[in-house]
>>> print(open('start-v5.cif').read())   # mmCIF, C-alpha atoms (C1' of nucleotides)
data_query
#
loop_
_atom_site.label_atom_id
_atom_site.label_comp_id
_atom_site.auth_asym_id
_atom_site.auth_seq_id
_atom_site.Cartn_x
_atom_site.Cartn_y
_atom_site.Cartn_z
CA MET A 258 -3.02 18.01 13.78
CA ASN A 259 -3.81 20.45 16.51
CA ILE A 260 -7.37 21.69 16.34
CA THR A 261 -6.68 25.13 17.69
CA ASN A 262 -3.82 26.11 15.41
CA TRP A 263 -4.04 23.87 12.48
CA SER A 264 -7.55 24.45 11.26
CA ILE A 265 -8.09 28.14 11.73
CA ASP A 266 -6.05 29.45 8.84
CA LYS A 267 -6.85 26.73 6.40
CA TYR A 268 -10.59 26.63 6.93
CA GLY A 269 -11.23 30.23 7.90
CA LEU A 270 -12.96 29.34 11.14
CA THR A 271 -14.73 32.21 12.90
CA GLU A 272 -14.49 32.98 16.60
CA GLU A 273 -17.82 31.30 17.01
CA ASP A 274 -16.77 28.23 15.06
CA ILE A 275 -13.82 27.87 17.36
CA LYS A 276 -15.94 28.32 20.44
CA HIS A 277 -18.37 25.64 19.29
CA THR A 278 -15.50 23.34 18.55
CA MET A 279 -13.69 23.91 21.81
CA ASP A 280 -16.89 23.38 23.75
CA SER A 281 -17.35 20.03 22.06
CA TYR A 282 -14.08 18.57 23.18
CA VAL A 283 -13.43 17.27 26.64
CA SER A 284 -10.27 15.99 28.29
CA GLN A 285 -9.69 12.36 29.02
CA THR A 286 -6.75 10.47 30.44
CA ILE A 287 -5.95 6.82 29.90
CA LYS A 288 -3.34 5.00 31.94
CA ALA A 289 -0.84 2.76 30.21
CA ASN A 290 -2.28 -0.64 29.29
CA ASN A 291 -5.83 0.65 29.42
CA PHE A 292 -8.09 0.98 26.44
CA PHE A 293 -9.50 3.79 24.37
CA LEU A 294 -11.61 1.19 22.57
CA LYS A 295 -12.05 -2.56 22.80
CA GLU A 296 -12.92 -5.10 20.18
CA GLY A 297 -16.68 -5.48 19.93
CA GLU A 298 -17.44 -1.97 21.15
CA ILE A 299 -18.85 0.72 18.93
CA CYS A 300 -16.45 3.63 18.89
CA ASN A 301 -18.19 6.67 20.33
CA TYR A 302 -15.32 9.10 20.34
CA ILE A 303 -12.80 10.79 18.18
CA GLY A 304 -9.66 11.44 20.16
CA TYR A 305 -6.88 13.94 19.70
CA VAL A 306 -3.73 12.84 21.51
CA THR A 307 -2.10 15.65 23.47
CA LYS A 308 0.31 13.51 25.46
CA GLY A 309 1.36 9.88 25.53
CA LEU A 310 1.09 7.09 23.01
CA LEU A 311 -1.43 4.48 21.91
CA ARG A 312 -1.57 1.66 19.41
CA SER A 313 -4.34 -0.19 17.62
CA TYR A 314 -4.22 -3.94 17.09
CA PHE A 315 -6.27 -7.01 16.34
CA TYR A 316 -5.82 -10.76 16.62
CA ASP A 317 -5.24 -12.80 13.48
CA ASP A 318 -6.50 -16.38 13.10
CA GLN A 319 -3.46 -17.78 14.88
CA ALA A 320 -4.19 -15.43 17.77
CA ASN A 321 -1.17 -13.25 17.13
CA GLU A 322 -1.52 -9.61 18.06
CA ILE A 323 -1.15 -7.55 14.90
CA THR A 324 -0.43 -3.88 15.49
CA THR A 325 -2.02 -1.69 12.85
CA ASN A 326 -1.17 1.82 14.00
CA PHE A 327 0.61 4.00 16.49
CA PHE A 328 -0.85 7.23 17.84
CA PRO A 329 1.75 9.51 19.40
CA GLU A 330 1.15 13.11 20.47
CA GLY A 331 -0.58 15.06 17.74
CA SER A 332 -2.43 12.09 16.31
CA LEU A 333 -6.10 11.94 15.68
CA ILE A 334 -7.69 8.64 16.62
CA ILE A 335 -10.73 7.59 14.65
CA ALA A 336 -11.74 3.99 14.32
CA MET A 337 -13.17 4.90 10.91
CA ASP A 338 -15.16 1.75 10.37
CA SER A 339 -16.72 1.62 13.81
CA PHE A 340 -17.21 5.35 14.35
CA ASN A 341 -18.65 6.20 10.95
CA ASN A 342 -20.75 3.13 10.43
CA ARG A 343 -21.74 2.47 14.04
CA VAL A 344 -20.57 -1.12 13.96
CA PRO A 345 -18.52 -3.03 16.57
CA SER A 346 -14.79 -2.48 16.30
CA LYS A 347 -12.55 -5.30 15.21
CA GLU A 348 -9.61 -3.57 16.80
CA PHE A 349 -8.40 -2.70 20.23
CA ILE A 350 -6.96 0.74 20.81
CA GLU A 351 -4.72 0.66 23.85
CA ALA A 352 -2.59 3.24 25.61
CA ILE A 353 1.05 2.19 25.62
CA GLU A 354 1.96 5.09 27.89
CA ASP A 355 -0.10 7.22 30.22
CA THR A 356 -2.05 9.29 27.77
CA GLU A 357 -4.02 12.52 27.63
CA LEU A 358 -6.59 13.17 24.95
CA SER A 359 -9.20 15.63 23.85
CA VAL A 360 -12.25 13.70 22.80
CA VAL A 361 -15.51 14.51 21.10
CA SER A 362 -18.48 12.17 21.19
CA TYR A 363 -20.20 10.86 18.11
CA GLN A 364 -23.33 12.88 18.79
CA ARG A 365 -21.40 16.07 19.47
CA GLN A 366 -19.41 15.60 16.29
CA MET A 367 -22.63 15.18 14.32
CA ASP A 368 -23.90 18.42 15.83
CA LEU A 369 -20.63 20.07 14.97
CA TYR A 370 -21.14 19.27 11.29
CA LYS A 371 -24.27 21.42 11.41
CA LEU A 372 -22.96 24.08 13.78
CA VAL A 373 -19.64 24.50 11.99
CA PRO A 374 -20.02 23.49 8.34
CA ALA A 375 -16.27 23.73 7.83
CA TRP A 376 -16.04 20.47 9.75
CA ASN A 377 -17.42 18.64 6.75
CA GLN A 378 -14.45 19.78 4.72
CA ILE A 379 -12.03 19.11 7.55
CA CYS A 380 -13.25 15.53 7.83
CA LYS A 381 -13.16 15.04 4.10
CA ASP A 382 -9.56 16.20 4.12
CA LEU A 383 -8.75 13.92 7.03
CA GLY A 384 -10.18 11.03 5.07
CA ASP A 385 -7.95 11.97 2.15
CA ILE A 386 -4.92 12.04 4.39
CA LYS A 387 -5.83 8.65 5.81
CA ILE A 388 -6.23 7.20 2.33
CA HIS A 389 -2.91 8.66 1.29
CA GLU A 390 -1.17 7.13 4.30
CA MET A 391 -2.63 3.75 3.57
CA LEU A 392 -1.64 3.88 -0.09
CA LYS A 393 1.92 4.53 1.01
CA ARG A 394 1.76 1.69 3.47
CA ASN A 395 0.53 -0.69 0.81
CA GLU A 396 3.30 0.43 -1.51
CA SER A 397 5.81 -0.51 1.15
CA PHE A 398 4.49 -4.03 1.34
CA GLN A 399 4.31 -4.38 -2.41
CA THR A 400 7.78 -3.13 -3.16
CA LEU A 401 10.06 -3.34 -0.11
CA SER A 402 11.84 -6.14 1.74
CA ALA A 403 11.47 -6.55 5.48
CA THR A 404 14.77 -4.78 6.04
CA GLU A 405 13.71 -1.86 3.88
CA ARG A 406 10.36 -1.63 5.59
CA TYR A 407 12.10 -1.49 8.95
CA GLN A 408 14.46 1.18 7.66
CA LYS A 409 11.53 3.20 6.44
CA PHE A 410 9.79 2.83 9.77
CA CYS A 411 12.88 4.16 11.52
CA ASP A 412 13.07 7.12 9.16
CA GLU A 413 9.41 7.98 9.55
CA TYR A 414 8.90 7.38 13.23
CA PRO A 415 12.26 7.81 14.94
CA GLN A 416 10.51 8.92 18.15
CA LEU A 417 8.68 5.62 18.39
CA LEU A 418 11.75 3.40 18.31
CA GLN A 419 12.59 4.17 21.91
CA ARG A 420 9.03 4.02 23.10
CA VAL A 421 7.41 0.84 21.84
CA ASN A 422 8.08 -2.89 22.10
CA LEU A 423 9.90 -4.29 19.13
CA GLY A 424 7.22 -6.92 18.85
CA TYR A 425 4.71 -4.21 18.05
CA ILE A 426 6.94 -2.84 15.33
CA ALA A 427 7.55 -6.32 13.98
CA SER A 428 3.88 -7.05 13.43
CA TYR A 429 3.33 -3.53 12.14
CA ILE A 430 5.84 -4.05 9.34
CA GLY A 431 4.74 -7.64 8.86
CA VAL A 432 7.77 -9.63 9.99
CA ASP A 433 8.44 -12.19 12.66
CA ASN A 434 9.78 -11.08 15.98
CA ALA A 435 13.01 -12.99 15.67
CA THR A 436 13.52 -11.73 12.13
CA LEU A 437 13.24 -8.14 13.24
CA SER A 438 15.79 -8.79 15.94
CA ARG A 439 18.22 -10.08 13.33
CA ILE A 440 17.53 -7.22 10.96
CA ARG A 441 18.47 -4.84 13.74
CA LYS A 442 21.67 -6.66 14.62
CA LYS A 443 23.36 -6.28 11.29
CA LYS A 444 23.94 -2.57 10.97
CA MET B 218 -21.78 0.39 -7.77
CA ASN B 219 -24.30 1.30 -10.40
CA ILE B 220 -25.43 4.88 -10.11
CA THR B 221 -28.92 4.35 -11.43
CA ASN B 222 -29.96 1.45 -9.22
CA TRP B 223 -27.67 1.53 -6.31
CA SER B 224 -28.08 5.04 -5.01
CA ILE B 225 -31.76 5.72 -5.36
CA ASP B 226 -33.05 3.65 -2.46
CA LYS B 227 -30.25 4.30 -0.11
CA TYR B 228 -30.02 8.04 -0.54
CA GLY B 229 -33.63 8.81 -1.43
CA LEU B 230 -32.76 10.62 -4.61
CA THR B 231 -35.59 12.50 -6.27
CA GLU B 232 -36.48 12.40 -9.94
CA GLU B 233 -34.70 15.67 -10.30
CA ASP B 234 -31.62 14.48 -8.47
CA ILE B 235 -31.41 11.58 -10.85
CA LYS B 236 -31.87 13.80 -13.87
CA HIS B 237 -29.08 16.13 -12.72
CA THR B 238 -26.86 13.16 -12.12
CA MET B 239 -27.57 11.45 -15.42
CA ASP B 240 -27.00 14.69 -17.28
CA SER B 241 -23.59 15.02 -15.68
CA TYR B 242 -22.26 11.72 -16.91
CA VAL B 243 -21.07 11.15 -20.45
CA SER B 244 -19.93 8.00 -22.21
CA GLN B 245 -16.35 7.32 -23.07
CA THR B 246 -14.60 4.35 -24.62
CA ILE B 247 -10.97 3.43 -24.20
CA LYS B 248 -9.29 0.81 -26.36
CA ALA B 249 -7.09 -1.82 -24.76
CA ASN B 250 -3.62 -0.50 -23.91
CA ASN B 251 -4.79 3.11 -23.90
CA PHE B 252 -4.96 5.28 -20.85
CA PHE B 253 -7.66 6.71 -18.67
CA LEU B 254 -4.96 8.67 -16.87
CA LYS B 255 -1.20 9.02 -17.18
CA GLU B 256 1.42 9.71 -14.60
CA GLY B 257 1.93 13.44 -14.26
CA GLU B 258 -1.56 14.37 -15.36
CA ILE B 259 -4.16 15.79 -13.03
CA CYS B 260 -7.13 13.48 -12.98
CA ASN B 261 -10.15 15.38 -14.30
CA TYR B 262 -12.69 12.59 -14.32
CA ILE B 263 -14.40 10.06 -12.19
CA GLY B 264 -15.21 7.00 -14.26
CA TYR B 265 -17.78 4.29 -13.80
CA VAL B 266 -16.84 1.16 -15.73
CA THR B 267 -19.75 -0.31 -17.66
CA LYS B 268 -17.75 -2.73 -19.78
CA GLY B 269 -14.15 -3.89 -19.97
CA LEU B 270 -11.29 -3.79 -17.52
CA LEU B 271 -8.56 -1.40 -16.43
CA ARG B 272 -5.68 -1.43 -13.99
CA SER B 273 -3.69 1.23 -12.17
CA TYR B 274 0.05 0.97 -11.74
CA PHE B 275 3.22 2.89 -11.01
CA TYR B 276 6.94 2.33 -11.38
CA ASP B 277 9.04 1.58 -8.32
CA ASP B 278 12.66 2.72 -7.99
CA GLN B 279 13.91 -0.31 -9.90
CA ALA B 280 11.54 0.60 -12.71
CA ASN B 281 9.26 -2.37 -12.10
CA GLU B 282 5.62 -1.90 -12.93
CA ILE B 283 3.61 -2.28 -9.73
CA THR B 284 -0.09 -2.87 -10.24
CA THR B 285 -2.16 -1.28 -7.49
CA ASN B 286 -5.73 -1.98 -8.58
CA PHE B 287 -8.01 -3.60 -11.08
CA PHE B 288 -11.23 -2.00 -12.31
CA PRO B 289 -13.63 -4.49 -13.86
CA GLU B 290 -17.25 -3.73 -14.82
CA GLY B 291 -19.08 -2.02 -12.00
CA SER B 292 -15.99 -0.33 -10.59
CA LEU B 293 -15.71 3.33 -9.86
CA ILE B 294 -12.38 4.84 -10.83
CA ILE B 295 -11.18 7.76 -8.80
CA ALA B 296 -7.54 8.66 -8.56
CA MET B 297 -8.30 10.00 -5.09
CA ASP B 298 -5.09 11.86 -4.57
CA SER B 299 -4.98 13.52 -7.95
CA PHE B 300 -8.70 14.17 -8.38
CA ASN B 301 -9.42 15.50 -4.92
CA ASN B 302 -6.27 17.51 -4.41
CA ARG B 303 -5.67 18.59 -8.00
CA VAL B 304 -2.13 17.29 -8.06
CA PRO B 305 -0.36 15.28 -10.77
CA SER B 306 -1.02 11.56 -10.60
CA LYS B 307 1.75 9.18 -9.66
CA GLU B 308 -0.12 6.35 -11.28
CA PHE B 309 -1.11 5.28 -14.72
CA ILE B 310 -4.62 3.96 -15.26
CA GLU B 311 -4.68 1.83 -18.36
CA ALA B 312 -7.38 -0.17 -20.12
CA ILE B 313 -6.45 -3.86 -20.25
CA GLU B 314 -9.44 -4.59 -22.48
CA ASP B 315 -11.57 -2.38 -24.71
CA THR B 316 -13.50 -0.44 -22.12
CA GLU B 317 -16.65 1.63 -21.84
CA LEU B 318 -17.15 4.13 -19.07
CA SER B 319 -19.50 6.79 -17.83
CA VAL B 320 -17.44 9.74 -16.75
CA VAL B 321 -18.08 12.97 -14.92
CA SER B 322 -15.67 15.87 -15.00
CA TYR B 323 -14.22 17.46 -11.90
CA GLN B 324 -16.15 20.65 -12.46
CA ARG B 325 -19.43 18.87 -13.08
CA GLN B 326 -18.94 16.77 -9.99
CA MET B 327 -18.35 19.90 -7.92
CA ASP B 328 -21.59 21.31 -9.33
CA LEU B 329 -23.32 18.07 -8.49
CA TYR B 330 -22.44 18.46 -4.83
CA LYS B 331 -24.48 21.66 -4.81
CA LEU B 332 -27.24 20.50 -7.14
CA VAL B 333 -27.71 17.14 -5.42
CA PRO B 334 -26.59 17.39 -1.81
CA ALA B 335 -26.94 13.64 -1.38
CA TRP B 336 -23.74 13.37 -3.40
CA ASN B 337 -21.81 14.60 -0.40
CA GLN B 338 -22.99 11.62 1.56
CA ILE B 339 -22.45 9.25 -1.36
CA CYS B 340 -18.87 10.36 -1.70
CA LYS B 341 -18.30 10.15 2.02
CA ASP B 342 -19.54 6.59 1.93
CA LEU B 343 -17.37 5.80 -1.07
CA GLY B 344 -14.40 7.08 0.85
CA ASP B 345 -15.33 4.81 3.74
CA ILE B 346 -15.55 1.83 1.42
CA LYS B 347 -12.19 2.68 -0.06
CA ILE B 348 -10.63 2.93 3.38
CA HIS B 349 -12.16 -0.37 4.37
CA GLU B 350 -10.78 -2.07 1.27
CA MET B 351 -7.34 -0.74 1.95
CA LEU B 352 -7.40 -1.83 5.59
CA LYS B 353 -8.22 -5.34 4.41
CA ARG B 354 -5.45 -5.22 1.88
CA ASN B 355 -2.94 -4.14 4.50
CA GLU B 356 -4.08 -6.92 6.78
CA SER B 357 -3.32 -9.39 4.03
CA PHE B 358 0.23 -8.17 3.78
CA GLN B 359 0.70 -8.13 7.52
CA THR B 360 -0.66 -11.58 8.21
CA LEU B 361 -0.63 -13.77 5.10
CA SER B 362 2.06 -15.58 3.13
CA ALA B 363 2.40 -15.10 -0.62
CA THR B 364 0.51 -18.33 -1.23
CA GLU B 365 -2.33 -17.26 1.03
CA ARG B 366 -2.48 -13.84 -0.58
CA TYR B 367 -2.77 -15.49 -3.98
CA GLN B 368 -5.48 -17.79 -2.71
CA LYS B 369 -7.36 -14.83 -1.36
CA PHE B 370 -7.01 -13.00 -4.64
CA CYS B 371 -8.49 -15.99 -6.46
CA ASP B 372 -11.39 -16.15 -4.04
CA GLU B 373 -12.13 -12.45 -4.28
CA TYR B 374 -11.59 -11.84 -7.98
CA PRO B 375 -12.18 -15.14 -9.76
CA GLN B 376 -13.31 -13.30 -12.89
CA LEU B 377 -9.96 -11.56 -13.17
CA LEU B 378 -7.83 -14.70 -13.23
CA GLN B 379 -8.70 -15.41 -16.84
CA ARG B 380 -8.47 -11.82 -17.92
CA VAL B 381 -5.20 -10.33 -16.69
CA ASN B 382 -1.52 -11.11 -17.07
CA LEU B 383 -0.10 -13.06 -14.19
CA GLY B 384 2.62 -10.49 -13.88
CA TYR B 385 0.02 -7.91 -12.96
CA ILE B 386 -1.37 -10.17 -10.27
CA ALA B 387 2.12 -10.96 -9.01
CA SER B 388 2.99 -7.33 -8.38
CA TYR B 389 -0.50 -6.69 -6.98
CA ILE B 390 0.01 -9.30 -4.28
CA GLY B 391 3.65 -8.33 -3.85
CA VAL B 392 5.52 -11.39 -5.12
CA ASP B 393 8.00 -12.06 -7.86
CA ASN B 394 6.74 -13.27 -11.19
CA ALA B 395 8.55 -16.59 -11.03
CA THR B 396 7.38 -17.15 -7.48
CA LEU B 397 3.76 -16.72 -8.47
CA SER B 398 4.22 -19.20 -11.28
CA ARG B 399 5.49 -21.77 -8.79
CA ILE B 400 2.73 -21.04 -6.31
CA ARG B 401 0.23 -21.80 -9.03
CA LYS B 402 1.90 -25.04 -10.04
CA LYS B 403 1.58 -26.82 -6.74
CA LYS B 404 -2.17 -27.31 -6.37
"C1'" DA C 2 15.69 -5.89 46.40
"C1'" DC C 3 13.96 -9.82 44.25
"C1'" DA C 4 10.80 -12.77 42.28
"C1'" DA C 5 7.78 -13.25 38.55
"C1'" DT C 6 6.79 -11.86 34.18
"C1'" DC C 7 7.56 -9.93 29.84
"C1'" DT C 8 10.83 -8.82 25.92
"C1'" DT C 9 14.55 -9.51 23.17
"C1'" DT C 10 18.25 -12.16 21.41
"C1'" DT C 11 20.34 -16.22 19.74
"C1'" DG C 12 21.12 -20.91 17.68
"C1'" DA C 13 20.07 -24.49 14.62
"C1'" DC C 14 17.34 -25.59 11.21
"C1'" DA C 15 13.40 -25.49 7.60
"C1'" DA C 16 10.62 -23.25 4.47
"C1'" DA C 17 9.54 -19.48 1.51
"C1'" DA C 18 10.70 -16.28 -1.78
"C1'" DG C 19 14.01 -13.98 -4.95
"C1'" DT C 20 17.38 -14.03 -8.97
"C1'" DC C 21 18.91 -14.88 -13.48
"C1'" DA C 22 18.74 -17.05 -17.67
"C1'" DA C 23 16.92 -20.16 -20.83
"C1'" DA C 24 13.16 -22.65 -22.71
"C1'" DA C 25 8.37 -23.22 -23.63
"C1'" DT C 26 3.98 -21.27 -24.56
"C1'" DC C 27 0.79 -18.03 -26.05
"C1'" DG C 28 -1.10 -14.31 -29.01
"C1'" DA C 29 -1.47 -10.68 -32.20
"C1'" DC C 30 -0.64 -9.23 -36.77
"C1'" DT C 31 0.34 -9.42 -41.44
"C1'" DA D 37 -0.47 -20.12 -41.41
"C1'" DG D 38 3.85 -18.32 -39.80
"C1'" DT D 39 6.63 -14.94 -37.51
"C1'" DC D 40 7.71 -11.73 -33.93
"C1'" DG D 41 7.17 -10.35 -29.46
"C1'" DA D 42 5.35 -10.82 -25.05
"C1'" DT D 43 4.18 -13.87 -21.23
"C1'" DT D 44 4.83 -17.81 -18.45
"C1'" DT D 45 7.30 -21.70 -16.86
"C1'" DT D 46 11.30 -24.01 -15.37
"C1'" DG D 47 16.02 -25.07 -13.49
"C1'" DA D 48 19.77 -24.21 -10.51
"C1'" DC D 49 21.03 -21.59 -7.08
"C1'" DT D 50 21.07 -17.81 -3.27
"C1'" DT D 51 19.03 -15.04 0.02
"C1'" DT D 52 15.53 -13.94 3.02
"C1'" DT D 53 12.35 -15.01 6.33
"C1'" DG D 54 10.06 -18.15 9.54
"C1'" DT D 55 9.94 -21.63 13.42
"C1'" DC D 56 10.82 -23.39 17.81
"C1'" DA D 57 13.08 -23.40 21.94
"C1'" DA D 58 16.21 -21.80 25.09
"C1'" DA D 59 18.95 -18.19 27.12
"C1'" DA D 60 19.75 -13.52 28.27
"C1'" DG D 61 18.05 -9.07 29.51
"C1'" DA D 62 14.44 -5.77 31.15
"C1'" DT D 63 10.61 -4.36 33.83
"C1'" DT D 64 7.13 -4.42 37.29
"C1'" DG D 65 4.99 -4.99 41.56
"C1'" DT D 66 5.30 -5.99 46.25
#
>>> encode(input="start-v5.cif", output="structure tokens")
Amino acid sequence: MNITNWSIDKYGLTEEDIKHTMDSYVSQTIKANNFFLKEGEICNYIGYVTKGLLRSYFYDDQANEITTNFFPEGSLIIAMDSFNNRVPSKEFIEAIEDTELSVVSYQRQMDLYKLVPAWNQICKDLGDIKIHEMLKRNESFQTLSATERYQKFCDEYPQLLQRVNLGYIASYIGVDNATLSRIRKKK
Amino acid sequence: MNITNWSIDKYGLTEEDIKHTMDSYVSQTIKANNFFLKEGEICNYIGYVTKGLLRSYFYDDQANEITTNFFPEGSLIIAMDSFNNRVPSKEFIEAIEDTELSVVSYQRQMDLYKLVPAWNQICKDLGDIKIHEMLKRNESFQTLSATERYQKFCDEYPQLLQRVNLGYIASYIGVDNATLSRIRKKK
DNA sequence: ACAATCTTTTGACAAAAGTCAAAATCGACT
DNA sequence: AGTCGATTTTGACTTTTGTCAAAAGATTGT
């Protein structure tokens, strides 16, 4: 979602609300292969991706990288657990491409809740959206085969297919690298 | 979580807060095989399970019942999507055993947000917990085999093993009925 | 341009999980 | 206690997915 367009209508933000909000966000750029957040760090920023692409991942007990999310342009990055609860992140969030973001610090966001009360509702709604996404994702694992999950991924994120390593997609949909390669070959 | 014990310390609820809250909740009983919520209905209640057991499920495109959650004593039932966004539920929530709940209606809960502001924070935290649970669940699907997912289920919900049909567990962990039976046999 | 490195594909095989149908077991109800 | 229906197990078989290692193909930096 784009802060400037997206929220104004829906939440009836005033000129002042918007000014407060805009003043809270600052630009940041991250080069490919650099990190927005590393494992062990407490996430101090929410990021809105204006350009580029990132992914989040962690290491499982066999030290495989498991990709948990992609963040293309238009995505909002919040490491919910770490940001909200001020605990070290278990995930890395890494730029796959050179990336530009608008970020707001934890403290500034807390201020924003008071300055612009509509932000409480916005964040509640964002939480709802997140929960909805995750329910869908779980459904996929409960009901679909690897091939179907890949098909669904292609339908939902066609832009990503050209932009990310297949290995990232493989772990994202929960299949082995070689298996994904074979799934792609037939058809 | 238990409303009376659990929230007081953490959120510093006053006598009055507690009174408002208690007054908002009413008792309800649901006999085994009856519904807390049906597909297509808008969820009008949050329920706190004091006794018994329920599960939520939906039908996939091959008309299989897919169990998405269990709600034993101490669980809070919120059909997030339906309750928060006032849209028809895609899930059924059914009592597996004779069940007793404390419920609060949508309207009363909305009032409670105003009457007892701490409820905003409580619900935010509940959302966080929900998100955390779902992240864990996704991780299981991304990184564990069926056998490992079953093992994890046993570790996490030992009380449920004796109380629910294996078929419910099978769909919950995303394996075929017969496969689960075989997983259980060896070891 | 060309190593050096990373990704992806492929082959041969093994293990895991699904399918379908029948049998065994369990449970609820009269 | 006995019957009906639902649940669970089992057998025989197929399909899907994983594993490991090597080859082929891309990509990056100098």
>>> atom_distance(input="start-v5.cif", atom1="atom CA of A:Thr271", atom2="atom CA of A:Met367")
18.8 Å
>>> resolve_selection(input="start-v5.cif", expression="the PyMOL selection byres ((chain B) within 12 of (chain D))", output="PyMOL selection string")
chain B and resi 362+381-385+387+394-402
>>> atom_distance(input="start-v5.cif", atom1="atom CA of B:Thr360", atom2="atom CA of B:Ser388")
17.5 Å
>>> atom_distance(input="start-v5.cif", atom1="atom CA of A:Phe315", atom2="atom CA of A:Phe398")
18.7 Å
>>> closest_atom_pairs(input="start-v5.cif", of="chain A", to="chain B", cutoff="10 Å", atoms="all atoms listed in the file", output="JSON lines")
{"residue": "A:Phe315", "atom": "CA", "partner": "B:Glu356", "partner_atom": "CA", "distance": 9.8}
{"residue": "A:Tyr316", "atom": "CA", "partner": "B:Thr360", "partner_atom": "CA", "distance": 9.9}
{"residue": "A:Asp317", "atom": "CA", "partner": "B:Thr360", "partner_atom": "CA", "distance": 7.1}
{"residue": "A:Asp318", "atom": "CA", "partner": "B:Thr360", "partner_atom": "CA", "distance": 9.0}
{"residue": "A:Gln319", "atom": "CA", "partner": "B:Thr360", "partner_atom": "CA", "distance": 9.5}
{"residue": "A:Asn321", "atom": "CA", "partner": "B:Thr360", "partner_atom": "CA", "distance": 9.1}
{"residue": "A:Ile323", "atom": "CA", "partner": "B:Gln359", "partner_atom": "CA", "distance": 7.6}
{"residue": "A:Thr324", "atom": "CA", "partner": "B:Gln359", "partner_atom": "CA", "distance": 9.1}
{"residue": "A:Thr325", "atom": "CA", "partner": "B:Glu356", "partner_atom": "CA", "distance": 8.3}
{"residue": "A:Met337", "atom": "CA", "partner": "B:Asp345", "partner_atom": "CA", "distance": 7.5}
{"residue": "A:Asp338", "atom": "CA", "partner": "B:His349", "partner_atom": "CA", "distance": 7.0}
{"residue": "A:Asn341", "atom": "CA", "partner": "B:Asp345", "partner_atom": "CA", "distance": 8.1}
{"residue": "A:Asn342", "atom": "CA", "partner": "B:Asp345", "partner_atom": "CA", "distance": 8.8}
{"residue": "A:Asn377", "atom": "CA", "partner": "B:Asn337", "partner_atom": "CA", "distance": 9.3}
{"residue": "A:Cys380", "atom": "CA", "partner": "B:Lys341", "partner_atom": "CA", "distance": 9.4}
{"residue": "A:Lys381", "atom": "CA", "partner": "B:Lys341", "partner_atom": "CA", "distance": 7.4}
{"residue": "A:Asp382", "atom": "CA", "partner": "B:Asn301", "partner_atom": "CA", "distance": 9.1}
{"residue": "A:Gly384", "atom": "CA", "partner": "B:Gly344", "partner_atom": "CA", "distance": 7.2}
{"residue": "A:Asp385", "atom": "CA", "partner": "B:Asp298", "partner_atom": "CA", "distance": 7.3}
{"residue": "A:Ile386", "atom": "CA", "partner": "B:Asp298", "partner_atom": "CA", "distance": 9.0}
{"residue": "A:Lys387", "atom": "CA", "partner": "B:Ile348", "partner_atom": "CA", "distance": 7.9}
{"residue": "A:Ile388", "atom": "CA", "partner": "B:Ile348", "partner_atom": "CA", "distance": 6.2}
{"residue": "A:His389", "atom": "CA", "partner": "B:Asp298", "partner_atom": "CA", "distance": 7.0}
{"residue": "A:Met391", "atom": "CA", "partner": "B:Met351", "partner_atom": "CA", "distance": 6.7}
{"residue": "A:Leu392", "atom": "CA", "partner": "B:Met351", "partner_atom": "CA", "distance": 7.6}
{"residue": "A:Arg394", "atom": "CA", "partner": "B:Asn355", "partner_atom": "CA", "distance": 7.6}
{"residue": "A:Asn395", "atom": "CA", "partner": "B:Asn355", "partner_atom": "CA", "distance": 6.1}
{"residue": "A:Glu396", "atom": "CA", "partner": "B:Thr285", "partner_atom": "CA", "distance": 8.3}
{"residue": "A:Ser397", "atom": "CA", "partner": "B:Gly391", "partner_atom": "CA", "distance": 9.5}
{"residue": "A:Phe398", "atom": "CA", "partner": "B:Phe358", "partner_atom": "CA", "distance": 6.4}
{"residue": "A:Gln399", "atom": "CA", "partner": "B:Gly391", "partner_atom": "CA", "distance": 4.3}
{"residue": "A:Thr400", "atom": "CA", "partner": "B:Gly391", "partner_atom": "CA", "distance": 6.7}
{"residue": "A:Leu401", "atom": "CA", "partner": "B:Gly391", "partner_atom": "CA", "distance": 8.9}
{"residue": "A:Ala427", "atom": "CA", "partner": "B:Gln359", "partner_atom": "CA", "distance": 9.6}
{"residue": "A:Ser428", "atom": "CA", "partner": "B:Gln359", "partner_atom": "CA", "distance": 6.8}
{"residue": "A:Tyr429", "atom": "CA", "partner": "B:Gln359", "partner_atom": "CA", "distance": 7.0}
{"residue": "A:Ile430", "atom": "CA", "partner": "B:Gln359", "partner_atom": "CA", "distance": 6.8}
{"residue": "A:Gly431", "atom": "CA", "partner": "B:Gln359", "partner_atom": "CA", "distance": 4.3}
{"residue": "A:Val432", "atom": "CA", "partner": "B:Gln359", "partner_atom": "CA", "distance": 7.6}
>>> closest_residue(input="start-v5.cif", among="A:Glu322, A:Glu273, A:Asp355, A:Asp266", to="A:Asn291", atoms="all atoms listed in the file")
A:Asp355
>>> axis_aligned_box(input="start-v5.cif", around="stretch 289-303 of chain A", padding_each_side="6 Å", output="lines of an AutoDock Vina configuration file")
center_x = -9.8
center_y = 2.7
center_z = 24.2
size_x = 30.0
size_y = 28.3
size_z = 24.0
>>> resolve_selection(input="start-v5.cif", expression="the PyMOL selection byres ((chain C) within 12 of (chain B))", output="list in words")
DA16, DA17, DA18, DG19, DT20, DC21 and DC27 of chain C
